[in-house]
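Since the structure comes first, as structure tokens, the remarks are kept for the end.
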Amino acid sequence: MKKNIVLIGFMGVGKSTLGRRLAKRLGYKFIDTDSAIEEITGKTVEQIFRTDGEIRFRSEEKLLARKLAGQTGLVIATGGGMVLEQENVELLKQNGVLICLHADPQVILQRVKNKRRRPLLSKGNLLENIIRLTREREGAYDIAELTLDTGKLTYDEMLQEIKKFLEQKGYLR
Ligand code: S3P
């Protein structure tokens, strides 16, 4: 079974960029959960948070996790809050392997220019919000089988590391 490769981690660590490249390299289908939810609801992430509330967004994430759990051969870039919900973790692990991307707050700061999708960071001071939320979520992403520091490695290096890991574990068969 071709396991799904599920990229987890905080906002702005590069899950979508790396995920798209990884999918291309492996010949897997790429799913970005934020984009999928925007397509399903016809609203942007920012609109959902603003008009329907975070709870609605989290329930869309849950529905999507259920749907994806039944599929294989996907690279899934998850929204940073998706694995804070234990049920989603169980679902994503059913057919998938979790890989965490990590970055320090200063690196994240440089990358989170697209605040449209990140309403949790948009009010007040950006760096302070990043530091507060990363503290609140400390340990939450430690559930992954492999963790890579995206501030220290290039995308090509990360692709190589991930491919080597997946081959060693036999997850590509
Ligand atoms: C969130 C992360 C965002 C998006 C939403 C909430 C979070 O996705 O799902 O704004 O709670 O960490 P990215 O991790 O792709 O920025």
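Chain labels A, B, ... are given in the sequence in which chains occur in the structure tokens; within each chain residues are numbered consecutively from 1, and ligands are likewise numbered from 1 in the order shown.
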
Legend entry - Neighbourhood of ligand 1 at 6 Å, counting only C-alpha atoms and all ligand atoms, reported as a ChimeraX atom specification: /A:10-12,34,79-81,117-119

Residues of region 92-111 of chain A within 12 Å of region 64-71 of chain A: nearest atom pair and distance (Å, one decimal) for each, counting only C-alpha atoms, sorted by chain and number, as a tab-separated table?
```
residue	atom	partner	partner_atom	distance
A:Leu92	CA	A:Ala69	CA	5.5
A:Lys93	CA	A:Ala69	CA	7.7
A:Gln94	CA	A:Ala69	CA	6.2
A:Asn95	CA	A:Ala69	CA	6.2
A:Gly96	CA	A:Ala69	CA	7.8
A:Val97	CA	A:Ala69	CA	11.3
```

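Proximity to Ile76 (chain A) was assessed for A:Gln168, A:Ser122, A:Thr17, A:Thr51 counting only C-alpha atoms; the smallest distance is recorded for A:Thr17.
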
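Those residues of region 39-92 of chain A that DSSP, working from the backbone, places in strand (DSSP E) are Leu74, Val75, Ile76 and Ala77 of chain A.
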
Residues from last step as file, N, CA and C atoms, as a compact mmCIF listing (two decimals), in the first residue's frame:
```
# COMPACT_ATOMS: atom_id res chain seq x y z
N LEU A 74 -1.32 9.69 -1.49
CA LEU A 74 -1.46 11.15 -1.46
C LEU A 74 -0.31 11.78 -0.68
N VAL A 75 0.09 12.97 -1.09
CA VAL A 75 0.90 13.82 -0.22
C VAL A 75 -0.06 14.87 0.31
N ILE A 76 -0.19 14.96 1.63
CA ILE A 76 -1.16 15.88 2.23
C ILE A 76 -0.42 16.94 3.05
N ALA A 77 -0.58 18.20 2.66
CA ALA A 77 -0.04 19.31 3.46
C ALA A 77 -1.18 19.77 4.36
```

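Counting from CA of Glu46 (chain A), the distance to CA of Glu60 (chain A) is 13.6 Å.
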
Inset, instruction - Quote the spacing between CA of Lys123 (chain A) and CA of Gly53 (chain A) in Å to one decimal place. - result: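 We find that CA of Lys123 (chain A) and CA of Gly53 (chain A) lie 15.1 Å from each other.
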
Name the residues of region 19-145 of chain A that come out as alpha helix (DSSP H) in a backbone DSSP run; write them as a JSON list (two decimals) with C-alpha atoms, in the first residue's frame.
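Okay, out-v3.json is ready:
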```json
[["chain", "number", "residue", "atom", "x", "y", "z"],
["A", 19, "GLY", "CA", 4.40, 18.88, -0.33],
["A", 20, "ARG", "CA", 3.80, 19.97, -3.91],
["A", 21, "ARG", "CA", 7.39, 19.14, -4.86],
["A", 22, "LEU", "CA", 7.35, 15.84, -3.01],
["A", 23, "ALA", "CA", 4.14, 14.77, -4.73],
["A", 24, "LYS", "CA", 5.62, 15.60, -8.10],
["A", 25, "ARG", "CA", 8.77, 13.64, -7.37],
["A", 26, "LEU", "CA", 6.89, 10.57, -6.14],
["A", 33, "THR", "CA", -6.11, 20.83, 3.28],
["A", 34, "ASP", "CA", -6.65, 24.60, 3.43],
["A", 35, "SER", "CA", -7.18, 24.76, -0.35],
["A", 36, "ALA", "CA", -9.44, 21.69, -0.24],
["A", 37, "ILE", "CA", -11.60, 23.31, 2.46],
["A", 38, "GLU", "CA", -11.76, 26.54, 0.44],
["A", 39, "GLU", "CA", -12.93, 24.55, -2.58],
["A", 40, "ILE", "CA", -15.51, 22.55, -0.63],
["A", 41, "THR", "CA", -17.01, 25.56, 1.17],
["A", 45, "VAL", "CA", -10.00, 30.30, 5.18],
["A", 46, "GLU", "CA", -10.10, 33.92, 6.35],
["A", 47, "GLN", "CA", -13.82, 34.21, 5.46],
["A", 54, "GLU", "CA", -12.92, 28.79, 14.05],
["A", 55, "ILE", "CA", -15.17, 25.94, 15.26],
["A", 56, "ARG", "CA", -16.70, 25.67, 11.79],
["A", 57, "PHE", "CA", -13.25, 25.58, 10.20],
["A", 58, "ARG", "CA", -12.16, 22.83, 12.60],
["A", 59, "SER", "CA", -15.24, 20.77, 11.76],
["A", 60, "GLU", "CA", -14.43, 21.12, 8.05],
["A", 61, "GLU", "CA", -10.93, 19.84, 8.87],
["A", 62, "LYS", "CA", -12.45, 16.84, 10.65],
["A", 63, "LEU", "CA", -14.72, 15.99, 7.72],
["A", 64, "LEU", "CA", -11.77, 16.24, 5.35],
["A", 65, "ALA", "CA", -9.54, 14.05, 7.57],
["A", 66, "ARG", "CA", -12.27, 11.37, 7.46],
["A", 67, "LYS", "CA", -12.45, 11.58, 3.69],
["A", 68, "LEU", "CA", -8.67, 11.44, 3.19],
["A", 69, "ALA", "CA", -8.20, 8.55, 5.65],
["A", 86, "GLN", "CA", -6.57, 13.67, 18.34],
["A", 87, "GLU", "CA", -9.32, 12.25, 16.13],
["A", 88, "ASN", "CA", -7.66, 13.80, 13.07],
["A", 89, "VAL", "CA", -4.31, 12.30, 14.06],
["A", 90, "GLU", "CA", -5.83, 8.81, 14.28],
["A", 91, "LEU", "CA", -7.55, 9.26, 10.91],
["A", 92, "LEU", "CA", -4.48, 10.59, 9.13],
["A", 93, "LYS", "CA", -2.34, 7.78, 10.54],
["A", 94, "GLN", "CA", -4.70, 5.05, 9.31],
["A", 105, "PRO", "CA", 9.77, 31.73, 15.11],
["A", 106, "GLN", "CA", 12.16, 34.12, 13.32],
["A", 107, "VAL", "CA", 12.17, 31.88, 10.23],
["A", 108, "ILE", "CA", 8.38, 31.55, 10.37],
["A", 109, "LEU", "CA", 8.08, 35.34, 10.60],
["A", 110, "GLN", "CA", 9.84, 35.74, 7.27],
["A", 111, "ARG", "CA", 7.52, 33.23, 5.64],
["A", 126, "LEU", "CA", 3.05, 39.03, 14.22],
["A", 127, "LEU", "CA", 6.20, 37.77, 15.95],
["A", 128, "GLU", "CA", 4.52, 37.84, 19.37],
["A", 129, "ASN", "CA", 1.61, 35.82, 18.02],
["A", 130, "ILE", "CA", 3.98, 33.26, 16.49],
["A", 131, "ILE", "CA", 5.92, 32.89, 19.76],
["A", 132, "ARG", "CA", 2.76, 32.62, 21.88],
["A", 133, "LEU", "CA", 1.13, 30.02, 19.62],
["A", 134, "THR", "CA", 4.28, 27.92, 19.21],
["A", 135, "ARG", "CA", 4.53, 27.84, 23.04],
["A", 136, "GLU", "CA", 0.88, 26.90, 23.39]]
```

Inset, instruction - Could you please determine the separation between CA of Thr154 (chain A) and CA of Gly9 (chain A) in Å, to one decimal place? - result: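 Computing it gives 16.8 Å between the two atoms.
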
Inset, instruction - Do a neighbour search on Leu101 (chain A) at 8 Å with only C-alpha atoms, toss out local chain neighbours closer than 5 positions, and write the hits as a ChimeraX atom specification. - result: /A:7-10,13-15,147-150

Same residues, N, CA, C and O atoms, output as a PDB file, in the first residue's frame:
```pdb
ATOM      1  N   LEU A   7       2.225  15.876   5.829  1.00  0.00           N
ATOM      2  CA  LEU A   7       3.136  16.895   6.364  1.00  0.00           C
ATOM      3  C   LEU A   7       2.410  17.706   7.422  1.00  0.00           C
ATOM      4  O   LEU A   7       1.330  18.257   7.166  1.00  0.00           O
ATOM      5  N   ILE A   8       3.001  17.739   8.627  1.00  0.00           N
ATOM      6  CA  ILE A   8       2.395  18.490   9.725  1.00  0.00           C
ATOM      7  C   ILE A   8       3.401  19.532  10.227  1.00  0.00           C
ATOM      8  O   ILE A   8       4.587  19.462   9.922  1.00  0.00           O
ATOM      9  N   GLY A   9       2.892  20.474  11.012  1.00  0.00           N
ATOM     10  CA  GLY A   9       3.780  21.489  11.580  1.00  0.00           C
ATOM     11  C   GLY A   9       3.096  22.848  11.608  1.00  0.00           C
ATOM     12  O   GLY A   9       2.010  23.026  11.041  1.00  0.00           O
ATOM     13  N   PHE A  10       3.755  23.782  12.252  1.00  0.00           N
ATOM     14  CA  PHE A  10       3.211  25.126  12.452  1.00  0.00           C
ATOM     15  C   PHE A  10       3.028  25.867  11.120  1.00  0.00           C
ATOM     16  O   PHE A  10       3.617  25.481  10.099  1.00  0.00           O
ATOM     17  N   VAL A  13       5.871  26.910   7.838  1.00  0.00           N
ATOM     18  CA  VAL A  13       7.111  26.121   7.833  1.00  0.00           C
ATOM     19  C   VAL A  13       7.445  25.554   6.452  1.00  0.00           C
ATOM     20  O   VAL A  13       8.512  24.992   6.254  1.00  0.00           O
ATOM     21  N   GLY A  14       6.507  25.674   5.514  1.00  0.00           N
ATOM     22  CA  GLY A  14       6.791  25.227   4.140  1.00  0.00           C
ATOM     23  C   GLY A  14       6.123  23.919   3.747  1.00  0.00           C
ATOM     24  O   GLY A  14       6.535  23.273   2.781  1.00  0.00           O
ATOM     25  N   LYS A  15       5.052  23.550   4.464  1.00  0.00           N
ATOM     26  CA  LYS A  15       4.378  22.273   4.174  1.00  0.00           C
ATOM     27  C   LYS A  15       3.830  22.218   2.745  1.00  0.00           C
ATOM     28  O   LYS A  15       3.973  21.210   2.059  1.00  0.00           O
ATOM     29  N   THR A 147      11.172  14.350  11.685  1.00  0.00           N
ATOM     30  CA  THR A 147      11.053  15.815  11.789  1.00  0.00           C
ATOM     31  C   THR A 147      12.250  16.460  11.097  1.00  0.00           C
ATOM     32  O   THR A 147      13.386  16.038  11.299  1.00  0.00           O
ATOM     33  N   LEU A 148      11.965  17.463  10.279  1.00  0.00           N
ATOM     34  CA  LEU A 148      13.039  18.167   9.572  1.00  0.00           C
ATOM     35  C   LEU A 148      12.965  19.649   9.912  1.00  0.00           C
ATOM     36  O   LEU A 148      11.868  20.217  10.000  1.00  0.00           O
ATOM     37  N   ASP A 149      14.123  20.280  10.087  1.00  0.00           N
ATOM     38  CA  ASP A 149      14.164  21.716  10.359  1.00  0.00           C
ATOM     39  C   ASP A 149      14.274  22.472   9.040  1.00  0.00           C
ATOM     40  O   ASP A 149      15.319  22.454   8.393  1.00  0.00           O
ATOM     41  N   THR A 150      13.194  23.118   8.658  1.00  0.00           N
ATOM     42  CA  THR A 150      13.148  23.745   7.335  1.00  0.00           C
ATOM     43  C   THR A 150      13.958  25.043   7.285  1.00  0.00           C
ATOM     44  O   THR A 150      14.169  25.595   6.216  1.00  0.00           O
TER      45      THR A 150
END
```
